[in-house]
Structures are given as C-alpha cells and as structure tokens.
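Structure file start-v3.pdb (PDB, C-alpha atoms, pLDDT in the B column) follows.
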ATOM      1  CA  MET O   1     229.712 125.559   0.131  1.00 66.00           C
ATOM      2  CA  SER O   2     231.047 122.021   0.028  1.00 91.00           C
ATOM      3  CA  VAL O   3     230.448 119.903  -3.051  1.00 95.00           C
ATOM      4  CA  GLU O   4     227.944 117.073  -2.678  1.00 94.00           C
ATOM      5  CA  LEU O   5     226.498 114.596  -5.115  1.00 95.00           C
ATOM      6  CA  ASN O   6     222.782 115.372  -5.383  1.00 96.00           C
ATOM      7  CA  HIS O   7     221.540 112.807  -7.900  1.00 97.00           C
ATOM      8  CA  THR O   8     222.594 110.592 -10.751  1.00 97.00           C
ATOM      9  CA  ILE O   9     220.592 109.250 -13.653  1.00 98.00           C
ATOM     10  CA  ILE O  10     220.554 105.503 -14.196  1.00 98.00           C
ATOM     11  CA  HIS O  11     219.446 104.413 -17.651  1.00 98.00           C
ATOM     12  CA  ALA O  12     216.977 101.547 -17.633  1.00 98.00           C
ATOM     13  CA  ARG O  13     214.971  99.513 -20.120  1.00 97.00           C
ATOM     14  CA  ASP O  14     211.998  99.936 -17.763  1.00 97.00           C
ATOM     15  CA  ASN O  15     212.497 102.712 -15.206  1.00 97.00           C
ATOM     16  CA  ARG O  16     209.734 101.467 -12.897  1.00 98.00           C
ATOM     17  CA  GLU O  17     211.026  97.884 -12.879  1.00 98.00           C
ATOM     18  CA  SER O  18     214.572  99.017 -12.108  1.00 98.00           C
ATOM     19  CA  ALA O  19     213.537 101.522  -9.423  1.00 98.00           C
ATOM     20  CA  GLU O  20     211.288  98.979  -7.734  1.00 98.00           C
ATOM     21  CA  PHE O  21     213.971  96.254  -7.942  1.00 98.00           C
ATOM     22  CA  PHE O  22     216.528  98.494  -6.249  1.00 98.00           C
ATOM     23  CA  ALA O  23     214.158  99.990  -3.660  1.00 98.00           C
ATOM     24  CA  ASP O  24     212.738  96.625  -2.675  1.00 98.00           C
ATOM     25  CA  LEU O  25     216.120  94.934  -2.422  1.00 97.00           C
ATOM     26  CA  LEU O  26     217.465  97.568  -0.035  1.00 97.00           C
ATOM     27  CA  GLY O  27     214.284  98.397   1.854  1.00 97.00           C
ATOM     28  CA  LEU O  28     214.012 101.873   0.327  1.00 97.00           C
ATOM     29  CA  GLU O  29     211.095 103.723  -1.227  1.00 96.00           C
ATOM     30  CA  ILE O  30     210.412 105.460  -4.492  1.00 97.00           C
ATOM     31  CA  THR O  31     210.386 109.073  -3.399  1.00 96.00           C
ATOM     32  CA  SER O  32     209.262 110.951  -6.479  1.00 95.00           C
ATOM     33  CA  GLU O  33     208.390 110.769 -10.143  1.00 96.00           C
ATOM     34  CA  TRP O  34     209.036 113.609 -12.506  1.00 93.00           C
ATOM     35  CA  GLY O  35     208.931 113.457 -16.283  1.00 92.00           C
ATOM     36  CA  PRO O  36     210.892 110.378 -17.372  1.00 93.00           C
ATOM     37  CA  PHE O  37     212.456 109.875 -13.927  1.00 97.00           C
ATOM     38  CA  ILE O  38     211.555 107.620 -11.028  1.00 98.00           C
ATOM     39  CA  ALA O  39     213.671 108.509  -8.001  1.00 98.00           C
ATOM     40  CA  VAL O  40     214.877 106.418  -5.099  1.00 98.00           C
ATOM     41  CA  GLU O  41     216.452 108.446  -2.307  1.00 97.00           C
ATOM     42  CA  LEU O  42     219.423 107.127  -0.347  1.00 97.00           C
ATOM     43  CA  SER O  43     220.067 107.898   3.321  1.00 95.00           C
ATOM     44  CA  ASN O  44     222.536 110.676   2.454  1.00 94.00           C
ATOM     45  CA  ASN O  45     219.866 112.531   0.399  1.00 94.00           C
ATOM     46  CA  VAL O  46     221.340 111.478  -2.953  1.00 97.00           C
ATOM     47  CA  THR O  47     218.699 110.267  -5.392  1.00 98.00           C
ATOM     48  CA  LEU O  48     219.044 107.631  -8.053  1.00 98.00           C
ATOM     49  CA  ASP O  49     216.846 108.832 -10.897  1.00 98.00           C
ATOM     50  CA  PHE O  50     215.900 105.876 -13.099  1.00 98.00           C
ATOM     51  CA  ALA O  51     215.134 106.930 -16.682  1.00 98.00           C
ATOM     52  CA  ALA O  52     213.752 104.651 -19.394  1.00 97.00           C
ATOM     53  CA  ILE O  53     215.725 104.671 -22.612  1.00 96.00           C
ATOM     54  CA  PRO O  54     215.982 102.163 -25.487  1.00 97.00           C
ATOM     55  CA  ALA O  55     217.891  99.043 -24.421  1.00 95.00           C
ATOM     56  CA  ASP O  56     220.435  99.420 -27.234  1.00 96.00           C
ATOM     57  CA  LYS O  57     221.404 102.855 -25.865  1.00 97.00           C
ATOM     58  CA  ILE O  58     222.222 101.590 -22.347  1.00 97.00           C
ATOM     59  CA  THR O  59     225.886 101.358 -21.440  1.00 97.00           C
ATOM     60  CA  PRO O  60     226.243  99.165 -18.359  1.00 97.00           C
ATOM     61  CA  GLN O  61     227.665 101.067 -15.401  1.00 98.00           C
ATOM     62  CA  HIS O  62     228.942 100.049 -11.970  1.00 98.00           C
ATOM     63  CA  TYR O  63     227.213 101.332  -8.829  1.00 98.00           C
ATOM     64  CA  ALA O  64     228.589 100.457  -5.374  1.00 97.00           C
ATOM     65  CA  PHE O  65     226.622 101.033  -2.180  1.00 98.00           C
ATOM     66  CA  LEU O  66     227.931 101.102   1.365  1.00 97.00           C
ATOM     67  CA  VAL O  67     225.375  99.393   3.614  1.00 97.00           C
ATOM     68  CA  SER O  68     225.229  98.276   7.230  1.00 97.00           C
ATOM     69  CA  GLU O  69     225.802  94.637   8.191  1.00 97.00           C
ATOM     70  CA  ASP O  70     222.059  94.238   8.840  1.00 98.00           C
ATOM     71  CA  GLU O  71     221.144  95.799   5.485  1.00 98.00           C
ATOM     72  CA  PHE O  72     223.665  93.559   3.730  1.00 98.00           C
ATOM     73  CA  THR O  73     222.276  90.446   5.400  1.00 98.00           C
ATOM     74  CA  ALA O  74     218.679  91.362   4.503  1.00 98.00           C
ATOM     75  CA  ALA O  75     219.554  92.218   0.887  1.00 98.00           C
ATOM     76  CA  TYR O  76     221.688  89.108   0.462  1.00 98.00           C
ATOM     77  CA  GLU O  77     218.863  86.921   1.747  1.00 98.00           C
ATOM     78  CA  LYS O  78     216.588  88.478  -0.898  1.00 98.00           C
ATOM     79  CA  ILE O  79     219.232  87.944  -3.597  1.00 98.00           C
ATOM     80  CA  LYS O  80     219.474  84.255  -2.714  1.00 98.00           C
ATOM     81  CA  ALA O  81     215.711  83.749  -2.241  1.00 98.00           C
ATOM     82  CA  ARG O  82     214.949  85.319  -5.627  1.00 97.00           C
ATOM     83  CA  GLY O  83     217.648  83.357  -7.418  1.00 98.00           C
ATOM     84  CA  ILE O  84     219.470  86.521  -8.494  1.00 98.00           C
ATOM     85  CA  GLU O  85     222.811  85.541  -9.965  1.00 98.00           C
ATOM     86  CA  HIS O  86     225.614  87.045  -7.895  1.00 98.00           C
ATOM     87  CA  TRP O  87     229.353  86.936  -7.480  1.00 98.00           C
ATOM     88  CA  ALA O  88     232.072  87.619  -4.939  1.00 98.00           C
ATOM     89  CA  ASP O  89     234.104  89.523  -7.540  1.00 97.00           C
ATOM     90  CA  PRO O  90     233.577  92.111 -10.284  1.00 96.00           C
ATOM     91  CA  HIS O  91     234.854  89.742 -12.984  1.00 96.00           C
ATOM     92  CA  GLN O  92     232.111  87.212 -12.194  1.00 97.00           C
ATOM     93  CA  LYS O  93     234.601  84.384 -11.559  1.00 98.00           C
ATOM     94  CA  GLN O  94     233.189  83.405  -8.135  1.00 98.00           C
ATOM     95  CA  PRO O  95     229.465  82.740  -8.669  1.00 98.00           C
ATOM     96  CA  GLY O  96     227.077  82.305  -5.767  1.00 98.00           C
ATOM     97  CA  GLU O  97     229.557  83.716  -3.247  1.00 98.00           C
ATOM     98  CA  ILE O  98     230.270  86.905  -1.327  1.00 98.00           C
ATOM     99  CA  ASN O  99     233.675  88.381  -0.581  1.00 97.00           C
ATOM    100  CA  THR O 100     235.262  89.434   2.674  1.00 96.00           C
ATOM    101  CA  HIS O 101     237.607  92.392   2.722  1.00 92.00           C
ATOM    102  CA  ASP O 102     238.957  94.789   5.332  1.00 92.00           C
ATOM    103  CA  GLY O 103     236.640  93.298   7.968  1.00 92.00           C
ATOM    104  CA  GLY O 104     233.534  93.624   5.809  1.00 96.00           C
ATOM    105  CA  ARG O 105     231.512  91.763   3.205  1.00 97.00           C
ATOM    106  CA  GLY O 106     230.651  92.439  -0.416  1.00 98.00           C
ATOM    107  CA  VAL O 107     228.590  91.064  -3.280  1.00 98.00           C
ATOM    108  CA  TYR O 108     228.103  91.882  -6.967  1.00 98.00           C
ATOM    109  CA  PHE O 109     224.920  91.349  -9.016  1.00 98.00           C
ATOM    110  CA  LEU O 110     223.176  92.772 -12.065  1.00 98.00           C
ATOM    111  CA  ASP O 111     220.053  94.915 -11.997  1.00 98.00           C
ATOM    112  CA  PRO O 112     217.266  94.419 -14.591  1.00 97.00           C
ATOM    113  CA  SER O 113     219.143  96.629 -17.099  1.00 97.00           C
ATOM    114  CA  ALA O 114     222.461  94.781 -16.602  1.00 97.00           C
ATOM    115  CA  HIS O 115     224.158  97.454 -14.510  1.00 98.00           C
ATOM    116  CA  ALA O 116     226.737  95.957 -12.154  1.00 98.00           C
ATOM    117  CA  MET O 117     225.558  96.599  -8.611  1.00 98.00           C
ATOM    118  CA  GLU O 118     227.775  96.105  -5.589  1.00 98.00           C
ATOM    119  CA  LEU O 119     226.948  96.082  -1.898  1.00 98.00           C
ATOM    120  CA  ILE O 120     229.763  96.475   0.637  1.00 98.00           C
ATOM    121  CA  THR O 121     229.716  96.803   4.413  1.00 97.00           C
ATOM    122  CA  VAL O 122     233.168  98.377   4.730  1.00 96.00           C
ATOM    123  CA  PRO O 123     234.891 100.628   2.184  1.00 94.00           C
ATOM    124  CA  TYR O 124     237.876  99.067   0.440  1.00 89.00           C
ATOM    125  CA  GLY O 125     240.937  99.966   2.435  1.00 88.00           C
ATOM    126  CA  GLY O 126     238.974  99.771   5.684  1.00 81.00           C
ATOM    127  CA  GLN O 127     237.053 102.241   7.786  1.00 74.00           C
ATOM    128  CA  PRO O 128     238.388 105.793   7.895  1.00 62.00           C
TER     129      PRO O 128
END
Here is the file; what I need is its structure written in the form of structure tokens.
Amino acid sequence: MSVELNHTIIHARDNRESAEFFADLLGLEITSEWGPFIAVELSNNVTLDFAAIPADKITPQHYAFLVSEDEFTAAYEKIKARGIEHWADPHQKQPGEINTHDGGRGVYFLDPSAHAMELITVPYGGQP
C-alpha cells in the first residue's frame, strides 16, 4: 500500500468559523462533524479537521494549497472583496500583492486563527 495523507488537524479559536472561512473561500463544503472536529474535504480526499482549542495554545502553522487558475482567481477576488490582508511573500513584505513564479501565481493570507495560508497555481520549481 502506498502512503497517503488522510487528514490533518488544524487548531482554531473557533472551529466552525475557521472551517467556514476556508470552505467558503475555496468553494468547498464542510463534509462532516465528529466530536470536536469540523472537517473540510479537499479534492484528493484529504480532510482538514478544524478543532477548537484555547487561543493561547495555538501555534501558527503554514498550509499551502495547489489550486487551479480559475480557483485562484475566484478565491483572490473574495480575498480582495472582503478586505482580507494578503501578501505576495511569506515574510509579509509585499502587502496587497500576489507573486508569480514558475509560470503560476501565489498569495499568502491569515485565517481567523492566524495560520499562514498560501494558494499557488503551480508548485515551486514548476510542473512535474
């Protein structure tokens, strides 16, 4: 059997707020709720399981998502329309911009729990 990522837990101050923020931004749906988890399933069957924990226990993480050009455009329009602060770079030195790399586009922004989210249309280093 090959090894596949099945799910990951994302700590959130408010698991519903974070799950809905992410699902709405990318046109996804909440697929299940179980115990403290609210899951959003990605197209490759990996779920992001948002779990509420105290804010002082959250360590910000980085999550990067490979999306199509159309998905990027739609999400970026929502980011701009909602006034979500965003950057072209992970060090937040280029506010209000996107980056271009390897023939694709990318953007960084924070989710409601201050996790660094990244959308890219082409993997760094180019398409395989």
Show me, as a PyMOL selection string, the residues that have an atom within 7 Å of Ala52 (chain O) when counting all atoms listed in the file, minus same-chain residues fewer than 3 positions from it. chain O and resi 11-15+36
Skip Arg16 (chain O) itself and residues of its chain fewer than 2 positions away, then list as a ChimeraX atom specification all residues within 8 Å of it, counting only C-alpha atoms. /O:14,18-20,38,50
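Counting only C-alpha atoms and comparing O:Gln127, O:Ser2, O:Ser113, O:Ser32, the residue that lies closest to Ile58 (chain O) is O:Ser113.
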Tell me which protein, DNA and RNA residues are within 7 Å of Met117 (chain O), counting all atoms listed in the file, leaving out same-chain ones fewer than 6 positions away, and put them as a ChimeraX atom specification. /O:62-64,108-111
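In this structure, CA of Trp87 (chain O) sits 20.4 Å away from CA of Ala23 (chain O).
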What does the distance from CA of Gly103 (chain O) to CA of Arg82 (chain O) come to in Å, to one decimal?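 CA of Arg82 (chain O) lies at a distance of 26.8 Å from CA of Gly103 (chain O).
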Resolved residues for the PyMOL selection byres ((chain O and resi 86) around 9) as a PyMOL selection string: chain O and resi 79-80+83-85+87-89+92+94-98+107-110
As lines of an AutoDock Vina configuration file, please: the centre and edge lengths in Å, to one decimal, of an axis-aligned box enclosing every listed atom of region 2-16 of chain O with 4 Å added on each side.
center_x = 220.4
center_y = 110.8
center_z = -10.0
size_x = 29.3
size_y = 30.5
size_z = 28.1
